[in-house]
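J.: My structure is below; once you've seen it, I'll send some questions.
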Amino acid sequence: MGFVSLGCPKNLVDSEVMMGLLDRGGARLTSRPEEAEILVVNTCSFIDTAKQESVDTILEMARFKTEGRAKKLIVAGCLVERYRDEIRRSIPEVDAVVGTGELESILDAAGIARPVTSPSPFNILPGNGLAEVREGREAESGTHKIDFRAEGDHRERQGRFNRDGWRGASHLLPTYLYTEDTPRLISTGRTSAYIKIAEGCDHPCTFCVIPNLRGKFRSRRFESVVAEAQKLVASGVQEITLIGQDTTCYGEDLGLKDGLATLLDALAQVEGLRWLRFLYAYPNRITGKLLETIAKHDNICKYLDVPLQHASPDVLKRMKRGAGADIFLKTIEKVRAAVPGIALRTSFIVGFPGESLRDFELLEQFIGEARFDWLGVFNYSDEEGSKAHGLDSKVAKRSIEARRRRLMKLQQKISREAKQQWVGRQVVVLAEGESEETELLWEGRTEFHAPEIDGKVFINDFGNLEKLEAGKFYHAKITEAHDYDLVARIVSGPLAPSR
Ligand code: SF4
């Protein structure tokens, strides 16, 4: 089987689970699509460009049905939740589709029998639709008391998860959660792995269709996440990145107060775990306890990813996110005071309907003041089914692109200045392998770089070592800085596994 996973790390974990299920069923993975009998494309449909990439990849893989050995082409993921019928109708090479809430049916789609004796590999939460959710509130699944959040129920009453206008979409929202026992093939190497701690999202952000695709917010059991982390570390993983649509809501449905902080506290104590981080924090949920926890443990990376989306109070209000530049600056000040040296990542959307030049300039000024370590800017994508789709005063595509470029130029300057401060610093670097650009360099990351998304550390001098090993940690000295990337010389290592 061949597998292409598109989109975000959350989708990647779904791919790893589907690959695990297929592997347990006897299928063997190949990285050469021309050799695969079964091809799976796990799609993303977050924004226009992601949808286009998904369709292009499906068409590219469809070729292998005539030019290769492929007998089955399966399309999975977010695009399926949204355009199930349309995919089947317009791409006849597609043999089966698998939505985000029915991962186990990858086995049926591939023609592999489900194991008869074993229980479902997922924790399927009861309930779909308000009435059943109320029943689900009282239900037990294993040792886990299920409780959807009141916010989710409230949003559902307001129509947040409604898919009525989506032709061909299943009206059932996904309710599954994977567990520590779900088969999973880790695809991110031996050293680093993601753990998805929650699914779905209850927030009402008007530009976003993810809740409609992924369902209501639901947390994995605390013990299940800890057990998965222990298992991963026992298999050699040293870096764990926690993900979810909003990790800072973790545990609210389990009745946990400061759930993420409590979880981080427990995970930091897993022996052998060198780096622990979480992505996708919601700004108003960065509590004092959470910051204290990050500061307290050496193995929790001093890194915070908090997508702010905008800084103009008017735009944020229309996005149904609230707050604004002043509040965010205070939060950032609080974060930096509690965790000195912390690296901050954020992302913004430019060109949201009604974004005036004044709104944009406010955002620009905010970026100049906040000085983020890492920053992404997305062009607003007018998603059918989102509340913002119905808003007037759309910004012209050309202006949106010009605004994005202007912000990236500003950030380039901020980043260049900030990266210069790194020269001379000694850091721990995770060596990831030879550079894709030239075999004369290796690439690596520090705790201040999350996997895949941030800049890189290029290693051009191995010091006294003849060679480096991918997946090992080294002491290194930063010798040069560029706009986003750093250059380093190895000082010593590899480091012994941490205890
Ligand atoms: S927090 Fe907002 S942007 Fe993020 S997944 Fe939820 S609704 Fe979408």
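Ligands are numbered from 1 in the order shown, residues from 1 within each chain, and chains are lettered A, B, ... in the order they appear in the structure tokens.
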Counting only C-alpha atoms and all ligand atoms, which residues in chain A sit no more than 10 Å from ligand 1? For each one, give the nearest pair of atoms and the distance in Å, sorted by chain then residue number, as CSV.
T.:
residue,atom,partner,partner_atom_place_in_ligand_line,distance
A:Phe46,CA,ligand 1,8 (Fe),9.2
A:Arg160,CA,ligand 1,7 (S),9.5
A:Glu199,CA,ligand 1,5 (S),9.8
A:Gly200,CA,ligand 1,5 (S),7.5
A:Cys201,CA,ligand 1,6 (Fe),4.8
A:Asp202,CA,ligand 1,6 (Fe),6.3
A:His203,CA,ligand 1,7 (S),4.6
A:Pro204,CA,ligand 1,7 (S),5.3
A:Cys205,CA,ligand 1,2 (Fe),4.4
A:Thr206,CA,ligand 1,7 (S),7.2
A:Phe207,CA,ligand 1,3 (S),7.2
A:Cys208,CA,ligand 1,8 (Fe),4.5
A:Val209,CA,ligand 1,8 (Fe),6.5
A:Ile210,CA,ligand 1,8 (Fe),5.3
A:Pro211,CA,ligand 1,7 (S),6.0
A:Asn212,CA,ligand 1,7 (S),9.1
A:Leu213,CA,ligand 1,5 (S),9.9
A:Arg214,CA,ligand 1,5 (S),9.0
A:Lys216,CA,ligand 1,6 (Fe),9.7
A:Phe217,CA,ligand 1,6 (Fe),8.9
A:Gly244,CA,ligand 1,5 (S),8.6
A:Gln245,CA,ligand 1,5 (S),4.8
A:Asp246,CA,ligand 1,1 (S),5.9
A:Thr247,CA,ligand 1,1 (S),9.6
A:Cys249,CA,ligand 1,1 (S),9.9
A:Tyr280,CA,ligand 1,4 (Fe),7.8
A:Ala281,CA,ligand 1,1 (S),8.6
A:Tyr282,CA,ligand 1,1 (S),6.7
A:Pro283,CA,ligand 1,1 (S),9.7
A:Pro307,CA,ligand 1,4 (Fe),8.1
A:Leu308,CA,ligand 1,3 (S),9.3
A:Gln309,CA,ligand 1,3 (S),8.1
A:Met319,CA,ligand 1,2 (Fe),8.8
A:Lys320,CA,ligand 1,2 (Fe),8.7
A:Arg321,CA,ligand 1,2 (Fe),7.6
A:Ser386,CA,ligand 1,7 (S),9.8
J.: Let's see if you can do this: from backbone DSSP, list all helix (DSSP H, G or I) residues in segment 54-105 of chain A, as a PDB file with C-alpha atoms, in the first residue's frame.
T.:
ATOM      1  CA  SER A  54      -5.779  17.354  -2.444  1.00  0.00           C
ATOM      2  CA  VAL A  55      -7.518  17.101  -5.812  1.00  0.00           C
ATOM      3  CA  ASP A  56      -4.200  17.307  -7.687  1.00  0.00           C
ATOM      4  CA  THR A  57      -2.744  14.525  -5.543  1.00  0.00           C
ATOM      5  CA  ILE A  58      -5.786  12.295  -6.077  1.00  0.00           C
ATOM      6  CA  LEU A  59      -5.453  12.760  -9.837  1.00  0.00           C
ATOM      7  CA  GLU A  60      -1.719  12.094  -9.684  1.00  0.00           C
ATOM      8  CA  MET A  61      -2.282   8.859  -7.767  1.00  0.00           C
ATOM      9  CA  ALA A  62      -5.102   7.845 -10.128  1.00  0.00           C
ATOM     10  CA  PHE A  64      -0.987   4.523 -11.106  1.00  0.00           C
ATOM     11  CA  LYS A  65      -4.145   2.567 -11.801  1.00  0.00           C
ATOM     12  CA  THR A  66      -3.126   2.502 -15.455  1.00  0.00           C
ATOM     13  CA  GLU A  67       0.634   3.090 -15.240  1.00  0.00           C
ATOM     14  CA  CYS A  78     -11.468  16.273   5.443  1.00  0.00           C
ATOM     15  CA  LEU A  79     -12.226  16.601   1.723  1.00  0.00           C
ATOM     16  CA  VAL A  80     -14.412  13.503   2.012  1.00  0.00           C
ATOM     17  CA  GLU A  81     -16.413  14.934   4.918  1.00  0.00           C
ATOM     18  CA  ARG A  82     -17.139  17.958   2.790  1.00  0.00           C
ATOM     19  CA  TYR A  83     -17.469  16.641  -0.789  1.00  0.00           C
ATOM     20  CA  ARG A  84     -18.166  12.921  -0.441  1.00  0.00           C
ATOM     21  CA  ASP A  85     -20.540  12.553  -3.423  1.00  0.00           C
ATOM     22  CA  GLU A  86     -18.740  14.995  -5.636  1.00  0.00           C
ATOM     23  CA  ILE A  87     -15.422  13.131  -5.335  1.00  0.00           C
ATOM     24  CA  ARG A  88     -17.030   9.860  -6.367  1.00  0.00           C
ATOM     25  CA  ARG A  89     -18.914  11.484  -9.192  1.00  0.00           C
ATOM     26  CA  SER A  90     -16.146  13.541 -10.708  1.00  0.00           C
ATOM     27  CA  LEU A 103     -11.122   5.550  10.126  1.00  0.00           C
ATOM     28  CA  GLU A 104     -11.714   1.864  10.764  1.00  0.00           C
ATOM     29  CA  SER A 105     -13.598   1.573   7.481  1.00  0.00           C
TER      30      SER A 105
END
J.: Please identify all polymer residues within 12 Å of Thr49 of chain A, counting only C-alpha atoms, omitting same-chain residues fewer than 2 positions from it, and present them as a PyMOL selection string.
T.: chain A and resi 6-7+43-47+51-56+378-383
J.: Can you tell me how far atom CA of Thr262 of chain A sits from atom CA of Leu185 of chain A, in Å to one decimal?
T.: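 If I compute the distance from atom CA of Thr262 of chain A to atom CA of Leu185 of chain A, I get 27.4 Å.
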J.: Looking at A:Trp166, A:Phe372, A:Phe473, A:Trp422, which one is nearest to Gly444 of chain A, with distances taken over only C-alpha atoms?
T.: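 So, comparing all the options, the nearest one is A:Phe473.
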J.: Determine, counting only C-alpha atoms, which protein, DNA and RNA residues have an atom within 9 Å of an atom of Glu361 of chain A; residues of the same chain fewer than 5 positions away are not included. Present the result as a compact mmCIF listing (two decimals) with N, CA and C atoms, in the first residue's frame.
T.:
# COMPACT_ATOMS: atom_id res chain seq x y z
N SER A 312 -6.82 43.45 15.17
CA SER A 312 -7.80 44.52 15.22
C SER A 312 -9.05 44.02 15.96
N SER A 356 -10.37 46.69 6.95
CA SER A 356 -10.04 47.99 6.34
C SER A 356 -8.54 48.18 6.40
N PHE A 366 0.97 45.92 15.51
CA PHE A 366 1.02 44.92 16.58
C PHE A 366 2.18 43.94 16.36
J.: Excluding same-chain residues fewer than 4 positions from segment 393-398 of chain A, what lies within 8 Å of it counting only C-alpha atoms, as number ranges by chain?
T.: A: 351-355, 402
J.: Restricted to all heavy atoms, what would the selected residues look like written as a JSON list (two decimals), in the first residue's frame?
T.:
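Result file follows (again_39.json):
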[["chain", "number", "residue", "atom", "x", "y", "z"],
["A", 351, "GLY", "N", -7.10, 39.87, 5.11],
["A", 351, "GLY", "CA", -8.14, 39.99, 4.09],
["A", 351, "GLY", "C", -9.47, 39.41, 4.53],
["A", 351, "GLY", "O", -10.33, 39.11, 3.68],
["A", 352, "PHE", "N", -9.69, 39.26, 5.84],
["A", 352, "PHE", "CA", -11.00, 38.83, 6.33],
["A", 352, "PHE", "C", -12.04, 39.87, 5.87],
["A", 352, "PHE", "O", -11.74, 41.07, 5.81],
["A", 352, "PHE", "CB", -10.97, 38.72, 7.86],
["A", 352, "PHE", "CG", -12.21, 38.14, 8.45],
["A", 352, "PHE", "CD1", -12.41, 36.78, 8.46],
["A", 352, "PHE", "CD2", -13.19, 38.97, 8.97],
["A", 352, "PHE", "CE1", -13.57, 36.23, 8.99],
["A", 352, "PHE", "CE2", -14.36, 38.44, 9.50],
["A", 352, "PHE", "CZ", -14.54, 37.06, 9.51],
["A", 353, "PRO", "N", -13.27, 39.43, 5.51],
["A", 353, "PRO", "CA", -14.26, 40.39, 5.02],
["A", 353, "PRO", "C", -14.37, 41.64, 5.92],
["A", 353, "PRO", "O", -14.47, 41.50, 7.14],
["A", 353, "PRO", "CB", -15.56, 39.58, 5.04],
["A", 353, "PRO", "CG", -15.12, 38.18, 4.85],
["A", 353, "PRO", "CD", -13.79, 38.07, 5.54],
["A", 354, "GLY", "N", -14.30, 42.79, 5.28],
["A", 354, "GLY", "CA", -14.43, 44.04, 6.03],
["A", 354, "GLY", "C", -13.12, 44.52, 6.62],
["A", 354, "GLY", "O", -13.09, 45.56, 7.28],
["A", 355, "GLU", "N", -12.00, 43.84, 6.38],
["A", 355, "GLU", "CA", -10.72, 44.30, 6.93],
["A", 355, "GLU", "C", -10.32, 45.59, 6.21],
["A", 355, "GLU", "O", -10.00, 45.58, 5.03],
["A", 355, "GLU", "CB", -9.63, 43.24, 6.73],
["A", 355, "GLU", "CG", -8.27, 43.66, 7.30],
["A", 355, "GLU", "CD", -7.14, 42.73, 6.86],
["A", 355, "GLU", "OE1", -6.72, 42.77, 5.68],
["A", 355, "GLU", "OE2", -6.68, 41.94, 7.70],
["A", 402, "ALA", "N", -1.17, 41.39, -1.39],
["A", 402, "ALA", "CA", -0.22, 42.50, -1.11],
["A", 402, "ALA", "C", -0.06, 42.68, 0.40],
["A", 402, "ALA", "O", 1.04, 42.92, 0.89],
["A", 402, "ALA", "CB", -0.75, 43.78, -1.76]]
J.: Write out as a list in words which residues come within 9 Å of Arg28 of chain A when counting only C-alpha atoms, dropping same-chain ones fewer than 4 positions away.
T.: Met1, Gly2, Leu22, Asp23 and Ala36 of chain A
J.: Give me, as an MDAnalysis selection string, all polymer residues having an atom no more than 7 Å from segment 450-463 of chain A, counting only C-alpha atoms and skipping those fewer than 4 positions away in the same chain.
T.: chainID A and resid 374 441:445 467 484:491
J.: Can I get the selection written as a PDB file, in the first residue's frame, with N, CA and C atoms?
T.:
ATOM      1  N   TRP A 374       8.376  33.274  15.429  1.00  0.00           N
ATOM      2  CA  TRP A 374       7.922  32.605  14.206  1.00  0.00           C
ATOM      3  C   TRP A 374       6.530  33.112  13.880  1.00  0.00           C
ATOM      4  N   LEU A 441      25.694  19.919   4.084  1.00  0.00           N
ATOM      5  CA  LEU A 441      25.117  20.423   5.338  1.00  0.00           C
ATOM      6  C   LEU A 441      24.168  19.396   5.934  1.00  0.00           C
ATOM      7  N   TRP A 442      24.052  19.432   7.254  1.00  0.00           N
ATOM      8  CA  TRP A 442      22.983  18.681   7.916  1.00  0.00           C
ATOM      9  C   TRP A 442      21.954  19.673   8.431  1.00  0.00           C
ATOM     10  N   GLU A 443      20.752  19.168   8.671  1.00  0.00           N
ATOM     11  CA  GLU A 443      19.696  20.018   9.228  1.00  0.00           C
ATOM     12  C   GLU A 443      19.342  19.548  10.626  1.00  0.00           C
ATOM     13  N   GLY A 444      18.973  20.493  11.450  1.00  0.00           N
ATOM     14  CA  GLY A 444      18.548  20.120  12.803  1.00  0.00           C
ATOM     15  C   GLY A 444      17.583  21.147  13.367  1.00  0.00           C
ATOM     16  N   ARG A 445      17.204  20.936  14.609  1.00  0.00           N
ATOM     17  CA  ARG A 445      16.271  21.844  15.296  1.00  0.00           C
ATOM     18  C   ARG A 445      16.677  21.976  16.740  1.00  0.00           C
ATOM     19  N   LYS A 467      31.069  11.875  11.839  1.00  0.00           N
ATOM     20  CA  LYS A 467      29.731  11.938  11.230  1.00  0.00           C
ATOM     21  C   LYS A 467      28.682  12.154  12.317  1.00  0.00           C
ATOM     22  N   TYR A 484      15.762  33.527   8.695  1.00  0.00           N
ATOM     23  CA  TYR A 484      14.969  32.608   9.526  1.00  0.00           C
ATOM     24  C   TYR A 484      15.820  31.443  10.061  1.00  0.00           C
ATOM     25  N   ASP A 485      16.892  31.116   9.363  1.00  0.00           N
ATOM     26  CA  ASP A 485      17.678  29.938   9.714  1.00  0.00           C
ATOM     27  C   ASP A 485      18.954  30.299  10.458  1.00  0.00           C
ATOM     28  N   LEU A 486      19.483  29.298  11.151  1.00  0.00           N
ATOM     29  CA  LEU A 486      20.722  29.475  11.894  1.00  0.00           C
ATOM     30  C   LEU A 486      21.758  28.487  11.362  1.00  0.00           C
ATOM     31  N   VAL A 487      23.023  28.777  11.603  1.00  0.00           N
ATOM     32  CA  VAL A 487      24.094  27.847  11.223  1.00  0.00           C
ATOM     33  C   VAL A 487      24.841  27.491  12.508  1.00  0.00           C
ATOM     34  N   ALA A 488      25.213  26.210  12.654  1.00  0.00           N
ATOM     35  CA  ALA A 488      25.825  25.792  13.916  1.00  0.00           C
ATOM     36  C   ALA A 488      27.009  24.863  13.698  1.00  0.00           C
ATOM     37  N   ARG A 489      27.872  24.830  14.733  1.00  0.00           N
ATOM     38  CA  ARG A 489      29.000  23.894  14.765  1.00  0.00           C
ATOM     39  C   ARG A 489      28.772  22.947  15.946  1.00  0.00           C
ATOM     40  N   ILE A 490      28.969  21.669  15.688  1.00  0.00           N
ATOM     41  CA  ILE A 490      28.786  20.697  16.772  1.00  0.00           C
ATOM     42  C   ILE A 490      29.927  20.844  17.782  1.00  0.00           C
ATOM     43  N   VAL A 491      29.543  20.847  19.055  1.00  0.00           N
ATOM     44  CA  VAL A 491      30.541  20.972  20.119  1.00  0.00           C
ATOM     45  C   VAL A 491      30.808  19.603  20.744  1.00  0.00           C
TER      46      VAL A 491
END
J.: By how many Å are atom CA of Gln412 of chain A and atom CA of Leu440 of chain A apart?
T.: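 Interatomic distance, atom CA of Gln412 of chain A to atom CA of Leu440 of chain A: 25.8 Å.
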J.: What does the distance from atom CA of Lys387 of chain A to atom CA of Val13 of chain A come to in Å, to one decimal?
T.: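 Separation between atom CA of Lys387 of chain A and atom CA of Val13 of chain A: 28.1 Å.
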J.: From the options A:Lys413, A:Arg157, A:His475, A:His449, which residue's atoms come nearest to Arg425 of chain A, counting only C-alpha atoms?
T.: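 Answer, going by the shortest atom-to-atom distance: A:His475.
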J.: Counting only C-alpha atoms, figure out which residue out of A:Arg345, A:Arg274, A:Arg155, A:Arg406 gets nearest to Thr241 of chain A.
T.: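 For Thr241 of chain A, the nearest of the candidates is A:Arg274.
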J.: With a cut-off of 12 Å, could you pull out the residues of segment 323-396 of chain A touching segment 294-300 of chain A and give me the nearest pair of atoms for each, distance in Å to one decimal, using only C-alpha atoms, ordered by chain and ascending number, as a Markdown table?
T.:
| residue | atom | partner | partner_atom | distance |
| --- | --- | --- | --- | --- |
| A:Val335 | CA | A:Ala295 | CA | 10.0 |
| A:Arg336 | CA | A:Ala295 | CA | 10.4 |
| A:Ala337 | CA | A:Ala295 | CA | 10.3 |
| A:Ala338 | CA | A:Ala295 | CA | 7.0 |
| A:Val339 | CA | A:Ala295 | CA | 5.4 |
| A:Pro340 | CA | A:Ala295 | CA | 8.3 |
| A:Gly341 | CA | A:Ala295 | CA | 10.3 |
| A:Ile342 | CA | A:Ala295 | CA | 9.2 |
| A:Ala343 | CA | A:Ile294 | CA | 11.9 |
J.: So that I have them on file, write out the residues from the current selection with N, CA and C atoms, as a PDB file, in the first residue's frame.
T.:
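Result went into out08.pdb, see below:
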ATOM      1  N   VAL A 335       3.509  36.005  29.338  1.00  0.00           N
ATOM      2  CA  VAL A 335       4.168  34.761  28.921  1.00  0.00           C
ATOM      3  C   VAL A 335       5.678  34.917  29.026  1.00  0.00           C
ATOM      4  N   ARG A 336       6.192  36.031  28.511  1.00  0.00           N
ATOM      5  CA  ARG A 336       7.655  36.210  28.504  1.00  0.00           C
ATOM      6  C   ARG A 336       8.205  36.408  29.913  1.00  0.00           C
ATOM      7  N   ALA A 337       7.386  36.997  30.777  1.00  0.00           N
ATOM      8  CA  ALA A 337       7.856  37.181  32.158  1.00  0.00           C
ATOM      9  C   ALA A 337       7.873  35.840  32.888  1.00  0.00           C
ATOM     10  N   ALA A 338       6.882  35.007  32.621  1.00  0.00           N
ATOM     11  CA  ALA A 338       6.789  33.719  33.332  1.00  0.00           C
ATOM     12  C   ALA A 338       7.797  32.698  32.807  1.00  0.00           C
ATOM     13  N   VAL A 339       8.071  32.773  31.500  1.00  0.00           N
ATOM     14  CA  VAL A 339       8.995  31.800  30.900  1.00  0.00           C
ATOM     15  C   VAL A 339      10.042  32.568  30.083  1.00  0.00           C
ATOM     16  N   PRO A 340      11.069  33.070  30.745  1.00  0.00           N
ATOM     17  CA  PRO A 340      12.050  33.883  30.012  1.00  0.00           C
ATOM     18  C   PRO A 340      12.677  33.089  28.872  1.00  0.00           C
ATOM     19  N   GLY A 341      12.861  33.749  27.739  1.00  0.00           N
ATOM     20  CA  GLY A 341      13.509  33.108  26.586  1.00  0.00           C
ATOM     21  C   GLY A 341      12.569  32.253  25.757  1.00  0.00           C
ATOM     22  N   ILE A 342      11.296  32.223  26.102  1.00  0.00           N
ATOM     23  CA  ILE A 342      10.341  31.366  25.371  1.00  0.00           C
ATOM     24  C   ILE A 342      10.236  31.822  23.901  1.00  0.00           C
ATOM     25  N   ALA A 343      10.137  30.865  23.002  1.00  0.00           N
ATOM     26  CA  ALA A 343       9.925  31.194  21.582  1.00  0.00           C
ATOM     27  C   ALA A 343       8.425  31.228  21.325  1.00  0.00           C
TER      28      ALA A 343
END
J.: When you count only C-alpha atoms, which of these residues is closest to Asp14 of chain A: A:Ile367, A:Ala109, A:Val306, A:Ala76?
T.: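 Checking each candidate against Asp14 of chain A, we get A:Ala76 as the closest.
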